[in-house]
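Printed here is target-v9.cif (mmCIF, C-alpha atoms and all ligand atoms):
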data_structure
loop_
_atom_site.label_atom_id
_atom_site.label_comp_id
_atom_site.auth_asym_id
_atom_site.auth_seq_id
_atom_site.Cartn_x
_atom_site.Cartn_y
_atom_site.Cartn_z
CA MET A 615 -34.38 -37.24 -33.06
CA TYR A 616 -34.34 -38.98 -29.71
CA PHE A 617 -34.43 -37.40 -26.24
CA LYS A 618 -33.92 -39.16 -22.92
CA VAL A 619 -33.94 -37.87 -19.36
CA TRP A 620 -31.17 -39.27 -17.13
CA GLY A 621 -31.65 -36.65 -14.40
CA CYS A 622 -34.05 -33.73 -13.89
CA ARG A 623 -33.67 -32.82 -10.21
CA GLY A 624 -32.44 -29.34 -9.34
CA SER A 625 -29.77 -28.24 -6.87
CA ILE A 626 -28.89 -31.53 -5.11
CA PRO A 627 -29.50 -35.25 -5.72
CA THR A 628 -32.66 -36.31 -3.91
CA PRO A 629 -32.88 -40.06 -3.26
CA SER A 630 -36.11 -41.61 -1.99
CA THR A 631 -36.52 -42.18 1.72
CA LEU A 632 -39.27 -44.04 3.59
CA ASP A 633 -41.41 -40.93 3.95
CA PHE A 634 -40.20 -38.92 0.92
CA ASP A 635 -40.70 -40.75 -2.35
CA THR A 636 -38.89 -39.47 -5.45
CA ARG A 637 -38.89 -42.67 -7.51
CA ARG A 638 -41.41 -41.46 -10.11
CA PHE A 639 -39.79 -38.13 -11.03
CA GLY A 640 -36.29 -39.22 -10.03
CA GLY A 641 -33.57 -37.93 -7.75
CA HIS A 642 -30.58 -37.51 -10.08
CA THR A 643 -29.51 -34.01 -11.11
CA THR A 644 -29.58 -32.74 -14.69
CA CYS A 645 -28.44 -34.91 -17.57
CA PHE A 646 -30.20 -35.26 -20.92
CA GLU A 647 -29.26 -37.40 -23.92
CA ILE A 648 -30.08 -36.35 -27.49
CA ARG A 649 -29.44 -38.62 -30.48
CA THR A 650 -29.60 -37.14 -33.96
CA ARG A 651 -29.45 -38.96 -37.30
CA TYR A 652 -28.58 -38.08 -40.87
CA ASN A 653 -27.70 -40.27 -43.83
CA GLY A 654 -27.31 -43.45 -41.76
CA GLN A 655 -25.12 -41.77 -39.15
CA GLU A 656 -26.09 -41.17 -35.51
CA GLU A 657 -24.48 -38.67 -33.09
CA ILE A 658 -24.88 -38.37 -29.32
CA SER A 659 -25.21 -34.99 -27.60
CA ILE A 660 -25.36 -34.82 -23.82
CA VAL A 661 -26.60 -31.80 -21.91
CA ASP A 662 -24.97 -31.45 -18.48
CA MET A 663 -23.09 -33.76 -16.19
CA GLY A 664 -25.35 -33.93 -13.14
CA THR A 665 -25.43 -37.24 -11.28
CA GLY A 666 -27.75 -38.66 -13.96
CA ILE A 667 -24.76 -38.94 -16.31
CA MET A 668 -23.50 -41.99 -14.41
CA GLY A 669 -26.41 -44.11 -15.69
CA LEU A 670 -25.91 -42.81 -19.24
CA GLY A 671 -22.18 -43.66 -19.12
CA ASN A 672 -22.93 -47.20 -17.96
CA HIS A 673 -25.49 -47.57 -20.75
CA LEU A 674 -22.94 -46.46 -23.37
CA ILE A 675 -20.39 -48.93 -22.01
CA ARG A 676 -22.93 -51.76 -22.28
CA GLN A 677 -23.48 -50.75 -25.92
CA LEU A 678 -19.70 -50.89 -26.46
CA GLN A 679 -19.40 -54.30 -24.78
CA ASN A 680 -22.29 -55.67 -26.85
CA LYS A 681 -20.52 -54.32 -29.99
CA GLU A 682 -23.58 -52.20 -30.86
CA ILE A 683 -21.06 -49.35 -31.27
CA GLN A 684 -17.35 -49.39 -32.21
CA ARG A 685 -16.38 -46.66 -29.73
CA ILE A 686 -18.12 -44.11 -27.57
CA GLU A 687 -18.30 -40.70 -29.23
CA ALA A 688 -20.27 -37.97 -27.51
CA ARG A 689 -20.35 -34.20 -27.20
CA ILE A 690 -21.22 -32.81 -23.79
CA PHE A 691 -22.86 -29.37 -23.81
CA ILE A 692 -22.61 -27.77 -20.37
CA THR A 693 -25.27 -25.24 -19.40
CA HIS A 694 -23.13 -23.82 -16.58
CA ILE A 695 -20.59 -24.96 -14.08
CA HIS A 696 -22.80 -24.99 -10.93
CA LEU A 697 -22.17 -28.21 -9.03
CA ASP A 698 -25.60 -29.80 -9.63
CA HIS A 699 -24.77 -29.71 -13.37
CA THR A 700 -21.19 -30.97 -13.11
CA PHE A 701 -20.72 -33.26 -10.14
CA GLY A 702 -21.43 -36.42 -12.12
CA MET A 703 -18.41 -35.82 -14.38
CA GLY A 704 -15.98 -38.05 -12.50
CA PHE A 705 -18.54 -40.87 -12.54
CA PHE A 706 -19.05 -40.84 -16.32
CA ALA A 707 -17.19 -44.10 -16.89
CA PRO A 708 -16.42 -43.65 -20.65
CA LEU A 709 -13.91 -40.95 -19.65
CA PHE A 710 -11.77 -43.69 -18.08
CA ILE A 711 -11.60 -45.97 -21.13
CA THR A 712 -8.84 -45.42 -23.68
CA GLY A 713 -9.88 -44.81 -27.25
CA GLN A 714 -13.22 -43.09 -26.64
CA GLN A 715 -13.91 -39.59 -27.96
CA ILE A 716 -15.65 -37.28 -25.51
CA GLU A 717 -15.75 -33.54 -26.21
CA PHE A 718 -16.92 -30.71 -23.98
CA PHE A 719 -18.56 -27.43 -24.95
CA ALA A 720 -19.46 -24.55 -22.66
CA LEU A 721 -20.15 -20.90 -22.89
CA GLN A 722 -17.27 -18.65 -21.89
CA MET A 723 -18.87 -16.94 -18.88
CA PRO A 724 -17.59 -13.45 -18.11
CA ALA A 725 -18.12 -14.13 -14.39
CA ALA A 726 -16.09 -17.35 -14.40
CA PHE A 727 -12.76 -15.69 -15.31
CA ARG A 728 -11.33 -19.04 -16.41
CA ASP A 729 -11.61 -21.03 -19.58
CA LEU A 730 -13.47 -24.34 -19.64
CA ASN A 731 -10.27 -26.39 -19.42
CA ASN A 732 -9.40 -24.70 -16.13
CA GLN A 733 -12.95 -24.95 -14.83
CA LEU A 734 -13.13 -28.69 -15.53
CA ALA A 735 -9.62 -29.15 -14.12
CA SER A 736 -10.79 -27.50 -10.89
CA LEU A 737 -13.49 -30.17 -10.57
CA ILE A 738 -11.30 -33.14 -11.55
CA ASP A 739 -8.14 -31.86 -9.90
CA GLY A 740 -6.48 -34.94 -8.37
CA ILE A 741 -7.24 -33.67 -4.85
CA GLN A 742 -11.01 -33.26 -4.42
CA PHE A 743 -11.29 -36.06 -6.98
CA PRO A 744 -8.63 -38.81 -7.12
CA ARG A 745 -7.64 -38.26 -10.76
CA HIS A 746 -6.69 -35.15 -12.70
CA LEU A 747 -8.49 -34.12 -15.89
CA ASP A 748 -5.33 -34.66 -17.97
CA GLN A 749 -5.09 -38.28 -16.72
CA LEU A 750 -8.50 -39.29 -18.07
CA PRO A 751 -7.68 -41.62 -20.97
CA SER A 752 -10.48 -40.59 -23.30
CA ILE A 753 -9.61 -36.89 -23.18
CA GLY A 754 -6.02 -36.74 -21.91
CA SER A 755 -4.30 -37.00 -25.28
CA ASN A 756 -7.02 -35.01 -27.06
CA ASN A 757 -6.73 -32.36 -24.42
CA GLU A 758 -3.07 -31.82 -25.28
CA ASN A 759 -4.16 -31.16 -28.83
CA LYS A 760 -6.92 -28.85 -27.54
CA LYS A 761 -9.48 -30.91 -29.43
CA ALA A 762 -11.61 -32.09 -26.53
CA ILE A 763 -12.51 -28.90 -24.70
CA HIS A 764 -14.19 -26.00 -26.45
CA ASP A 765 -15.05 -22.54 -25.19
CA VAL A 766 -18.06 -21.24 -27.06
CA LYS A 767 -19.19 -17.63 -27.42
CA PHE A 768 -22.71 -16.29 -27.04
CA TRP A 769 -24.89 -16.88 -30.14
CA GLU A 770 -22.31 -19.22 -31.69
CA VAL A 771 -23.65 -21.71 -34.26
CA MET A 772 -21.94 -25.11 -34.68
CA ASP A 773 -22.71 -27.42 -37.58
CA PHE A 774 -22.04 -31.12 -37.04
CA GLU A 775 -22.78 -34.07 -39.32
CA THR A 776 -26.32 -34.65 -38.04
CA VAL A 777 -27.22 -31.56 -36.01
CA ARG A 778 -26.81 -27.78 -35.82
CA VAL A 779 -26.25 -26.49 -32.28
CA LYS A 780 -26.79 -22.88 -31.17
CA VAL A 781 -26.14 -21.30 -27.81
CA PHE A 782 -28.23 -18.64 -26.04
CA GLU A 783 -27.60 -16.55 -22.92
CA LEU A 784 -30.00 -17.00 -19.98
CA ASN A 785 -30.78 -15.20 -16.69
CA HIS A 786 -28.98 -17.08 -13.92
CA PRO A 787 -26.43 -16.11 -11.23
CA SER A 788 -22.99 -16.12 -12.96
CA GLY A 789 -24.67 -17.00 -16.27
CA CYS A 790 -26.15 -20.02 -17.99
CA ALA A 791 -26.31 -21.27 -21.57
CA GLY A 792 -29.48 -22.35 -23.32
CA TRP A 793 -28.77 -24.98 -26.00
CA HIS A 794 -30.72 -25.31 -29.26
CA PHE A 795 -30.44 -28.52 -31.32
CA GLN A 796 -31.84 -28.81 -34.82
CA GLU A 797 -31.51 -32.10 -36.67
CA ARG A 798 -30.39 -32.23 -40.30
CA ALA A 799 -33.22 -32.95 -42.74
CA SER A 800 -32.97 -35.57 -45.50
CA ASP A 801 -32.11 -32.86 -48.10
CA GLY A 802 -28.98 -31.95 -46.07
CA SER A 803 -30.29 -28.65 -44.71
CA TYR A 804 -30.51 -28.01 -40.98
CA THR A 805 -34.29 -27.74 -40.96
CA GLY A 806 -35.32 -30.86 -39.06
CA PRO A 807 -36.94 -31.10 -35.61
CA ILE A 808 -35.82 -28.76 -32.80
CA ILE A 809 -35.09 -29.46 -29.14
CA SER A 810 -34.38 -26.35 -27.03
CA ILE A 811 -33.12 -26.55 -23.46
CA ALA A 812 -33.04 -23.91 -20.71
CA THR A 813 -32.47 -25.80 -17.47
CA ASP A 814 -31.74 -22.89 -15.15
CA THR A 815 -33.27 -19.53 -15.91
CA GLU A 816 -35.37 -16.88 -14.21
CA HIS A 817 -38.30 -15.18 -15.87
CA PHE A 818 -38.82 -12.12 -13.66
CA SER A 819 -42.14 -10.60 -14.68
CA VAL A 820 -42.02 -10.73 -18.49
CA THR A 821 -41.14 -13.21 -21.19
CA ASN A 822 -37.42 -13.24 -21.88
CA PRO A 823 -36.43 -12.30 -25.47
CA ASN A 824 -33.57 -14.83 -25.40
CA VAL A 825 -35.83 -17.67 -24.25
CA GLN A 826 -38.30 -16.61 -26.94
CA LYS A 827 -35.59 -16.97 -29.62
CA LEU A 828 -34.35 -20.22 -28.09
CA GLY A 829 -37.81 -21.78 -27.96
CA ARG A 830 -39.21 -20.43 -31.24
CA ASP A 831 -41.12 -23.28 -32.96
CA ALA A 832 -39.35 -25.91 -30.83
CA ASP A 833 -40.76 -29.40 -31.15
CA LEU A 834 -39.66 -29.92 -27.56
CA LEU A 835 -38.83 -27.05 -25.20
CA ILE A 836 -37.32 -27.88 -21.81
CA LEU A 837 -37.67 -25.08 -19.25
CA ASP A 838 -36.95 -24.49 -15.59
CA GLY A 839 -40.11 -24.63 -13.45
CA MET A 840 -38.54 -25.27 -10.07
CA TYR A 841 -40.73 -23.22 -7.76
CA GLU A 842 -44.40 -22.92 -6.98
CA GLU A 843 -45.65 -19.32 -7.33
CA ASP A 844 -45.86 -18.74 -3.54
CA GLN A 845 -42.42 -20.24 -3.05
CA TYR A 846 -40.97 -17.93 -5.72
CA TYR A 847 -42.53 -14.76 -4.34
CA GLY A 848 -42.02 -15.81 -0.67
CA GLN A 849 -44.48 -17.35 1.79
CA ALA A 850 -43.48 -15.09 4.73
CA PRO A 851 -45.77 -12.03 5.21
CA ASP A 852 -42.82 -9.71 4.47
CA ARG A 853 -41.68 -11.91 1.50
CA SER A 854 -38.24 -12.21 3.14
CA ASN A 855 -37.93 -15.83 1.97
CA SER A 856 -38.66 -15.07 -1.68
CA LYS A 857 -36.53 -16.78 -4.34
CA LEU A 858 -36.38 -13.69 -6.55
CA GLY A 859 -32.93 -13.44 -8.11
CA TRP A 860 -32.02 -17.07 -7.43
CA GLY A 861 -32.10 -17.83 -11.14
CA HIS A 862 -35.06 -20.19 -11.34
CA SER A 863 -38.59 -20.05 -12.65
CA THR A 864 -42.11 -21.36 -12.05
CA PRO A 865 -44.27 -23.71 -14.17
CA ARG A 866 -46.67 -20.86 -14.95
CA ALA A 867 -43.86 -18.62 -16.22
CA SER A 868 -42.50 -21.49 -18.33
CA ILE A 869 -45.93 -22.10 -19.81
CA ARG A 870 -46.28 -18.41 -20.72
CA GLU A 871 -42.85 -18.51 -22.40
CA ALA A 872 -43.73 -21.69 -24.33
CA SER A 873 -47.14 -20.36 -25.38
CA GLU A 874 -45.61 -17.10 -26.60
CA CYS A 875 -42.81 -18.70 -28.64
CA GLY A 876 -45.01 -21.39 -30.20
CA ALA A 877 -43.31 -24.47 -28.75
CA LYS A 878 -45.21 -27.69 -29.48
CA ARG A 879 -44.31 -29.53 -26.28
CA LEU A 880 -43.09 -28.16 -22.97
CA GLY A 881 -41.13 -30.31 -20.52
CA ILE A 882 -40.67 -28.69 -17.11
CA THR A 883 -37.46 -29.51 -15.24
CA HIS A 884 -35.10 -28.71 -12.33
CA HIS A 885 -37.45 -30.14 -9.71
CA ASP A 886 -36.94 -28.69 -6.25
CA PRO A 887 -35.31 -31.15 -3.79
CA SER A 888 -38.06 -30.33 -1.25
CA HIS A 889 -40.77 -31.59 -3.65
CA ASP A 890 -41.56 -35.32 -3.52
CA ASP A 891 -43.47 -37.30 -6.17
CA ARG A 892 -46.87 -36.51 -4.72
CA PHE A 893 -46.14 -32.77 -4.64
CA LEU A 894 -44.68 -32.76 -8.18
CA ALA A 895 -47.73 -34.62 -9.52
CA SER A 896 -50.00 -31.96 -7.97
CA MET A 897 -47.80 -29.17 -9.43
CA GLU A 898 -48.04 -30.82 -12.85
CA ALA A 899 -51.86 -31.05 -12.63
CA LYS A 900 -52.08 -27.37 -11.60
CA ALA A 901 -49.73 -26.36 -14.43
CA ARG A 902 -51.91 -28.16 -16.97
CA ARG A 903 -55.06 -26.47 -15.63
CA TYR A 904 -53.30 -23.08 -15.95
CA ASN A 905 -52.24 -23.93 -19.51
CA ARG A 906 -55.79 -24.88 -20.54
CA ARG A 907 -57.05 -21.44 -19.42
CA LEU A 908 -54.60 -19.56 -21.68
CA LYS A 909 -55.77 -17.97 -24.94
CA LYS A 910 -53.05 -19.91 -26.76
CA PRO A 911 -52.39 -23.09 -24.72
CA VAL A 912 -49.22 -25.08 -25.30
CA PRO A 913 -50.30 -28.30 -27.10
CA GLU A 914 -48.59 -30.52 -24.50
CA VAL A 915 -47.23 -29.73 -21.03
CA PHE A 916 -45.56 -32.25 -18.71
CA PHE A 917 -42.98 -32.48 -15.95
CA LEU A 918 -39.82 -34.40 -16.86
CA ARG A 919 -39.36 -37.78 -15.20
CA GLU A 920 -36.08 -39.66 -14.96
CA GLY A 921 -36.01 -42.49 -17.52
CA MET A 922 -38.55 -40.76 -19.81
CA PHE A 923 -37.69 -40.84 -23.50
CA LEU A 924 -39.31 -39.33 -26.57
CA GLU A 925 -38.91 -39.67 -30.32
CA ILE A 926 -39.32 -36.22 -31.84
ZN ZN B 1 -29.20 -26.09 -11.38
ZN ZN B 2 -27.40 -23.07 -11.51
#

Represent the structure from my file as structure tokens, please.
Amino acid sequence: MYFKVWGCRGSIPTPSTLDFDTRRFGGHTTCFEIRTRYNGQEEISIVDMGTGIMGLGNHLIRQLQNKEIQRIEARIFITHIHLDHTFGMGFFAPLFITGQQIEFFALQMPAAFRDLNNQLASLIDGIQFPRHLDQLPSIGSNNENKKAIHDVKFWEVMDFETVRVKVFELNHPSGCAGWHFQERASDGSYTGPIISIATDTEHFSVTNPNVQKLGRDADLLILDGMYEEDQYYGQAPDRSNSKLGWGHSTPRASIREASECGAKRLGITHHDPSHDDRFLASMEAKARRYNRRLKKPVPEVFFLREGMFLEI
């Protein structure tokens, strides 16, 4: 099972400037690639279409040109439709090449009122973006057959050739899906390694039962740790600038979740656009010190960096 980070910035892309360096942790918004294998077959799952997806799309096209693959087949699992998780969609070049097979999965959010087809069509609508969803060659014809775009319900379990995917509900304004990927083992059962992803979620003051189920025994758990503790609770004396209710978490809260659910590795993500490399490195060091003081420390804690990849 392979995991690669194409974007791990929260809220808005954050390019480096002369006095604000983001080259180490990266400036692209959320996009992760997961490759799973079974019986000689490999499948590609993508989590979110933040601006990081542009680099992944170009990489897949290079693989196609070099004949390493016959066609691009990928399933995109969307955590939620907030812009930082979707505004790379129109720049995912495989969508514009005939004959590719790209499918989309998202949780039907009660607050969204519209199905995924309508939500994606509102992003790629021919007005704000120069093409309409139905004109994209790799999904246009599939879309007519309703094969490319899937609305998923809470707790749904989907079995594919190489991986079982489950969806969990998270705390976030207008909802967010946590995605759980378990690779198929050599005996055919879905008991292989687990990657669990909760990009945008708030912890409040306790561990969240849904995150606990999502992260149970995960080989790699990816959790939101956007804010420092003082930023989350508010630096103003009256706490008027607190981020309570904004739907994001802190590294400490993520570590407590990971420790409680027995995750083997914790990758912290959704880096705040006001945090440069130097600040994120100091947050990471503080998070590790906090983890070491716990009764049951998480075996490995790190902040995600763009370009990072892991074999699980
Ligand atoms: Zn976000
Ligand atoms: Zn969000």

Can you tell me which residues come within 7 Å of ligand ZN 1 (chain B) when counting only C-alpha atoms and all ligand atoms, ideally as a compact mmCIF listing (two decimals) with C-alpha atoms, in the frame of the given file?
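Final output, saved to pocket.txt:
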# COMPACT_ATOMS: atom_id res chain seq x y z
CA GLY A 624 -32.44 -29.34 -9.34
CA SER A 625 -29.77 -28.24 -6.87
CA HIS A 696 -22.80 -24.99 -10.93
CA ASP A 698 -25.60 -29.80 -9.63
CA HIS A 699 -24.77 -29.71 -13.37
CA THR A 813 -32.47 -25.80 -17.47
CA ASP A 814 -31.74 -22.89 -15.15
CA HIS A 884 -35.10 -28.71 -12.33

(request) Name the closest residue to Arg798 (chain A) among the candidates A:Phe705, A:Phe917, A:Phe639, A:Phe774; distances are taken between atoms, counting only C-alpha atoms. (result)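 Of A:Phe705, A:Phe917, A:Phe639, A:Phe774, the one nearest Arg798 (chain A) is A:Phe774, counting only C-alpha atoms.
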
(message) Just want the 10 Å neighbourhood of Ile658 (chain A), counted on all atoms listed in the file, with same-chain residues fewer than 5 positions away dropped. Output as an MDAnalysis selection string.
(response) chainID A and resid 616 647:651 686:690 776:777

(request) For Met772 (chain A), list every protein, DNA or RNA residue within 10 Å, evaluated using all atoms listed in the file, and leave out those in the same chain fewer than 6 positions away; present the list as a VMD selection string. (result) chain A and resid 766 778 to 781 795

(request) Tell me which protein, DNA and RNA residues are within 8 Å of region 912-916 of chain A, counting only C-alpha atoms, leaving out same-chain ones fewer than 6 positions away, and put them as number ranges by chain. (result) A: 869, 872-873, 876-882, 898, 901-902, 905

Would you save the residues from that selection as a PDB file, in the coordinates of the input, using C-alpha atoms?
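Listed below is the output, out.pdb:
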ATOM      1  CA  ILE A 869     -45.930 -22.100 -19.810  1.00  0.00           C
ATOM      2  CA  ALA A 872     -43.730 -21.690 -24.330  1.00  0.00           C
ATOM      3  CA  SER A 873     -47.140 -20.360 -25.380  1.00  0.00           C
ATOM      4  CA  GLY A 876     -45.010 -21.390 -30.200  1.00  0.00           C
ATOM      5  CA  ALA A 877     -43.310 -24.470 -28.750  1.00  0.00           C
ATOM      6  CA  LYS A 878     -45.210 -27.690 -29.480  1.00  0.00           C
ATOM      7  CA  ARG A 879     -44.310 -29.530 -26.280  1.00  0.00           C
ATOM      8  CA  LEU A 880     -43.090 -28.160 -22.970  1.00  0.00           C
ATOM      9  CA  GLY A 881     -41.130 -30.310 -20.520  1.00  0.00           C
ATOM     10  CA  ILE A 882     -40.670 -28.690 -17.110  1.00  0.00           C
ATOM     11  CA  GLU A 898     -48.040 -30.820 -12.850  1.00  0.00           C
ATOM     12  CA  ALA A 901     -49.730 -26.360 -14.430  1.00  0.00           C
ATOM     13  CA  ARG A 902     -51.910 -28.160 -16.970  1.00  0.00           C
ATOM     14  CA  ASN A 905     -52.240 -23.930 -19.510  1.00  0.00           C
TER      15      ASN A 905
END

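Each of A:Ala791, A:Leu734, A:Ile753, A:Ile675 was compared to ligand ZN 2 (chain B) using only C-alpha atoms and all ligand atoms, and A:Ala791 turns out to be the nearest.
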
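When all atoms listed in the file are used to measure the gap to ligand ZN 2 (chain B), the shortest distance among A:Asp662, A:Glu797, A:Glu871, A:Asp831 belongs to A:Asp662.
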
(message) So the first atom is CA of Thr636 (chain A) and the second is CA of Thr665 (chain A); what is the distance between them in Å, to one decimal place?
(response) 14.8 Å

(message) For a test of reading the model, state the distance in Å between CA of Ala867 (chain A) and CA of Gly848 (chain A), rounded to one decimal.
(response)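 Result for CA of Ala867 (chain A) versus CA of Gly848 (chain A): 15.9 Å, one decimal.
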
(request) Would you please work out which residue, of A:Ile683, A:Met668, A:Ile763, A:Leu697, is nearest to Ile626 (chain A) when using all atoms listed in the file? (result) A:Leu697

(request) Could you tell me how far CA of Tyr841 (chain A) lies from CA of Thr864 (chain A), in Å and to one decimal? (result)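 Separation between CA of Tyr841 (chain A) and CA of Thr864 (chain A): 4.9 Å.
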